[in-house]
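First the structure, in the form of structure tokens, and then the observations on it.
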Amino acid sequence: MANPDEPGKEHPKPDAKPPRDWGGALDVAEAEPIAATQRHAPKQPAPASVPEKLYEKSPTVHNKRIDGPFRRFKWAVMIVTLAIYYGTPWIRWDRGPYAPDQAVLIDLANRRFYMFGIEIWPHEFYYVAGLLIMAGIGLFIVTSAVGRAWCGYACPQTVWTDLFQHIDRFFDGDRNARVRLDSAPWGASKIARRSGKWTVYLLISFWTGGAWIMYFADAPTLTYEFWRGDAAPIAYATVAVLTATTFVLGGFMREQVCIYMCPWPRIQAAMMDEKSLLVTYKDFRGEPRGSLKKSQKNPGDYGDCVDCLQCVQVCPTGIDIREGPQIGCITCALCIDACDRVMKDVGRPRGLIDYATLEDCEAEAVGKPARPAWRALLRPRTLAYLMIWSGIGGAMLFALGTRTHTEISVQPDRNPAFILLKDGSVRNAYTLRLRNMESRPRTMEIALDGLPGAVLWTDTIGQENAARSQAVDVPADATQTVRAYVVASPDTAEQNFSIRVTSLDEQRETDAEQTLFTSPGAAQ
Amino acid sequence: MMANETGPGKRIDEPTGTETVGHEWDGIEELNTPLPRWWLWTFYATVAWAIAYTVFYPAWPMIDRATSGVLGWSSRGELAEDMSAADLARQDVFERIAATDIEKIASSPELQQQAIAGGAAAFQVNCVQCHGAGAAGIAGGYPNLNDDDWLWGGDLEAIENTLLHGIRWEGSDQTRLSYMPGFEGIFDEAQLDALVQHVLSLSGRAQPNASGAETYAVNCAACHQPSGEGDQIQGAPALNDAIWLYGSEAAQIRQQILYPKHGVMPGWKDRLDPATIRMLATYVHSRGGGEASPQPEEAQEEEATVAFNGQP
């Protein structure tokens, strides 16, 4: 495939960067294996002039369309992630009449978090903390195994930028047409294209903001209320903010977010080592670069790189991967697709730009056979992360499976600690909180465990019905506060006892909490 | 390139071609990398925002007060708005409670909960000075409201009435009013000792005393009743139970016979609205010792058997 553009024009900032001296690379690799391992040591290029202004106008990236295995994989990831994001709130999940039927719902107003068959209460927030820790370690695993694959494929910034770049292509054509349109004067055609494009940006952004709020309320109801104007102000504000951020970050700032704003590339850079997979230009094979004509004229003088700049043109962040690993590279591998296609056309082996580890590159540079990239996946560090990750996940699943849905907490009255009744007996009062974490109303029995001879009644069950145990109705999925009065004979000493709750259904879940019975008598 | 061409300490960093800022810490230098343009404009926007803010909102300190801002916003004003909004939100509950007969509040558990919560709040403002934060009273004459002993009646209506009109309170002609006469100079020492012993024997604290019983029957039984169960109609305390407002020691009982104390509670009808008084009554009644409302006949003696029924 011939280069459709003139190379000199396409090189980014041709004046800012001096031509780099690539000549020595191949010779060093062949002549001195030890020196070859220092290929990536910083080299000192010739000093350049100081920019005169204190700000830098970001060059617009017009990436060229490309097709290939990685591009198709990127399509698949984009479709799956967008489908998950837009579609999840609309999945229904029957939980019976007492709980919402939305599969994933963060019900902030009622302080419940529903995720398919799992329901989390605020006091179980450690499950959410565990999920966040798993997400963090999950990123470590991914980084350790496949480098910045998160950045390249799954990060929302990448996915939405990719989507918006496709819209650019749809309205304005491919790279060259877009570059021409950018420099064209404003006219009817340009205004029409721009306004059409930005309208679509805005629609997608609005849809993105709208999808977000669906996670926090019943989606069909909220949609109805939203368009009627009855939704909460926070819903409109959230949609407005997210529409604006999507529009600006996805439509205009794009790679600037990755390069200037995102902390993650910096963290990832610290986590990567010579065994991490990254998108690498195999300079030992490509340099010195020369066009097809030159290498045909002087066979043996030039490397495999034909300097067609396809890798630069398809890059969504506008970098030149041949300059080596850099923070602007999100490892989306589109340059691999582009280069492989060119190599096929010129009849050279694929993989001049490829996923490889720096260690493998060094081995390959001194003539050892190339190691397949998948073998970089399995290494002790990745496996250690995987074990920690699955350990936390397993522990959480175990805890979820064995947790009880009936709980009690007991808080004794401290002022007054005890009350003397007319007949001389001693009464203590307790505030009980009965938690029914099932989505149906249940009857629970509260009973005294210990404290012989004592009886109890509650604020709704009169003293005339005082007994060792009482049945209390607890609403579905709720905490019932019960004020309980425990009365014991005058000579009862101060002592510990427990109040036990048992669900009066086939589950017969039980929980007890120890507390103190205070009395004027001496402690036992 | 030489350092003095670009300023003191500044030099061009060769690998990047960027000027340094001119500081150096242990050999570490910082590049003066240019800002992206959007970043610069964001900074300018924050400056513009700050200036606009000081125009619209209270900001610049002057001699005696700060500039008030053209919007006229103030944190006090906002608080006042929030408070009246909260009052407005409670309005409905207050109206419902005021319109509901106090005996009927319990039939709506939700309304009862609101009444108890509202009563608890009002109690902390108006009642804790005498009855204590836990409503347990203060030794020496301020009754405990948690127990099942009531001087003037412990059902909802009786408590509400006491709250409205007070006890021995000059502000209402319906106030609870009764005085125990002082018996100074009426009994001789032996009679007094016998009477104290008899009173103590009513709750099993002393041996029965026949002469004391005789004195009691003549002088005390009219109000305190023959077996000492007291009379809530006239606020005569029960003497046969474990609860003693002014102390259960012989000397304290003797003191009370000779020089009786009379507690005074203000009525609240002029100071609190009817709904708040109703909520207070509901709260006090809910403290664990509230008596059942008098039923139409039948179960009137139920309350007397509300006694400890566990094992001794």
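Residue numbering restarts at 1 in every chain; chains get A, B, ... in the order shown in the structure tokens, and ligands count up from 1 in that same order.
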
Please list as an mmCIF file with C-alpha atoms, in the first residue's frame every residue within 10 Å of Val482 in chain A, counting only C-alpha atoms and excluding residues in the same chain fewer than 2 positions away.
data_model
loop_
_atom_site.group_PDB
_atom_site.id
_atom_site.type_symbol
_atom_site.label_atom_id
_atom_site.label_comp_id
_atom_site.auth_asym_id
_atom_site.auth_seq_id
_atom_site.Cartn_x
_atom_site.Cartn_y
_atom_site.Cartn_z
ATOM 1 C CA VAL A 410 -29.843 -3.679 71.892
ATOM 2 C CA TYR A 430 -34.062 -1.100 76.105
ATOM 3 C CA THR A 431 -34.236 0.213 72.581
ATOM 4 C CA LEU A 432 -34.158 -2.772 70.238
ATOM 5 C CA ARG A 433 -33.539 -2.532 66.531
ATOM 6 C CA LEU A 434 -34.842 -5.549 64.664
ATOM 7 C CA TRP A 457 -43.263 -6.214 77.196
ATOM 8 C CA THR A 458 -42.958 -3.505 74.585
ATOM 9 C CA ASP A 459 -44.322 -0.137 73.700
ATOM 10 C CA THR A 460 -47.011 -1.805 71.597
ATOM 11 C CA VAL A 472 -43.260 -8.493 66.885
ATOM 12 C CA VAL A 474 -41.338 -6.321 61.273
ATOM 13 C CA THR A 479 -35.547 -1.945 60.624
ATOM 14 C CA GLN A 480 -38.181 -1.929 63.322
ATOM 15 C CA ALA A 484 -38.758 -3.082 75.354
ATOM 16 C CA TYR A 485 -39.351 -3.072 79.073
#

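With only C-alpha atoms taken into account, the protein and nucleic acid residues at most 10 Å from Ile392 in chain A (excluding it and anything under 2 positions from it in its own chain) are Gly130, Leu131, Ile133, Met134, Ile137, Leu386, Met387, Ile388, Trp389, Ser390, Gly394, Ala395, Met396, Leu397 and Phe398 of chain A.
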
Query raised in the report: What are the residues of chain B that have an atom within 6 Å of an atom of chain A, counting only C-alpha atoms, as JSON, numbers by chain?
Result: {"B": [14, 15, 17, 18, 34, 35, 36, 37, 134, 136, 147, 241, 242, 243, 310, 311, 312]}

**Report entry** DSSP strand (DSSP E or B) residues within range 15-65 of chain B, as a PyMOL selection string
**Finding:** chain B and resi 18-25+28-31+35-36+61

Print the selection's residues with C-alpha atoms to a file, as a compact mmCIF listing (two decimals), in the first residue's frame.
# COMPACT_ATOMS: atom_id res chain seq x y z
CA THR B 18 12.24 23.03 27.31
CA GLU B 19 13.35 25.85 29.55
CA THR B 20 13.67 25.14 33.26
CA VAL B 21 11.99 27.34 35.87
CA GLY B 22 15.34 28.28 37.33
CA HIS B 23 15.20 26.55 40.72
CA GLU B 24 17.35 23.62 41.68
CA TRP B 25 16.98 21.30 44.66
CA ILE B 28 16.53 18.24 40.67
CA GLU B 29 15.22 20.85 38.28
CA GLU B 30 11.75 21.54 37.03
CA LEU B 31 10.81 22.05 33.41
CA LEU B 35 0.18 24.80 29.79
CA PRO B 36 -2.44 23.64 27.35
CA PRO B 61 -14.87 43.11 54.77

Query - Who sits within 7 Å of Thr331 in chain A, only C-alpha atoms, same chain under 6 positions skipped, as a PyMOL selection string - result: chain A and resi 148-149+152+278-279

Keeping only N, CA and C atoms, write the selected residues as a PDB file, in the first residue's frame.
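Output (selection-v7.pdb):
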ATOM      1  N   ARG A 148      -1.325  -1.430  29.435  1.00  0.00           N
ATOM      2  CA  ARG A 148      -2.402  -0.457  29.570  1.00  0.00           C
ATOM      3  C   ARG A 148      -3.619  -0.830  28.733  1.00  0.00           C
ATOM      4  N   ALA A 149      -4.011  -2.098  28.797  1.00  0.00           N
ATOM      5  CA  ALA A 149      -5.159  -2.532  27.999  1.00  0.00           C
ATOM      6  C   ALA A 149      -6.420  -1.795  28.431  1.00  0.00           C
ATOM      7  N   GLY A 152      -6.553   1.347  26.564  1.00  0.00           N
ATOM      8  CA  GLY A 152      -6.694   1.190  25.122  1.00  0.00           C
ATOM      9  C   GLY A 152      -8.063   0.743  24.683  1.00  0.00           C
ATOM     10  N   LEU A 278       3.531  -4.347  26.125  1.00  0.00           N
ATOM     11  CA  LEU A 278       3.113  -3.045  25.634  1.00  0.00           C
ATOM     12  C   LEU A 278       3.281  -3.004  24.125  1.00  0.00           C
ATOM     13  N   VAL A 279       2.675  -1.995  23.529  1.00  0.00           N
ATOM     14  CA  VAL A 279       2.773  -1.861  22.082  1.00  0.00           C
ATOM     15  C   VAL A 279       4.142  -1.257  21.771  1.00  0.00           C
TER      16      VAL A 279
END

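Near Ser276 in chain A, within a cut-off of 7 Å and counting only C-alpha atoms, sit the residues Ser144, Ala145, Val146, Gly147, Met272, Asp273 and Thr357 of chain A, with same-chain residues fewer than 3 positions away left out.
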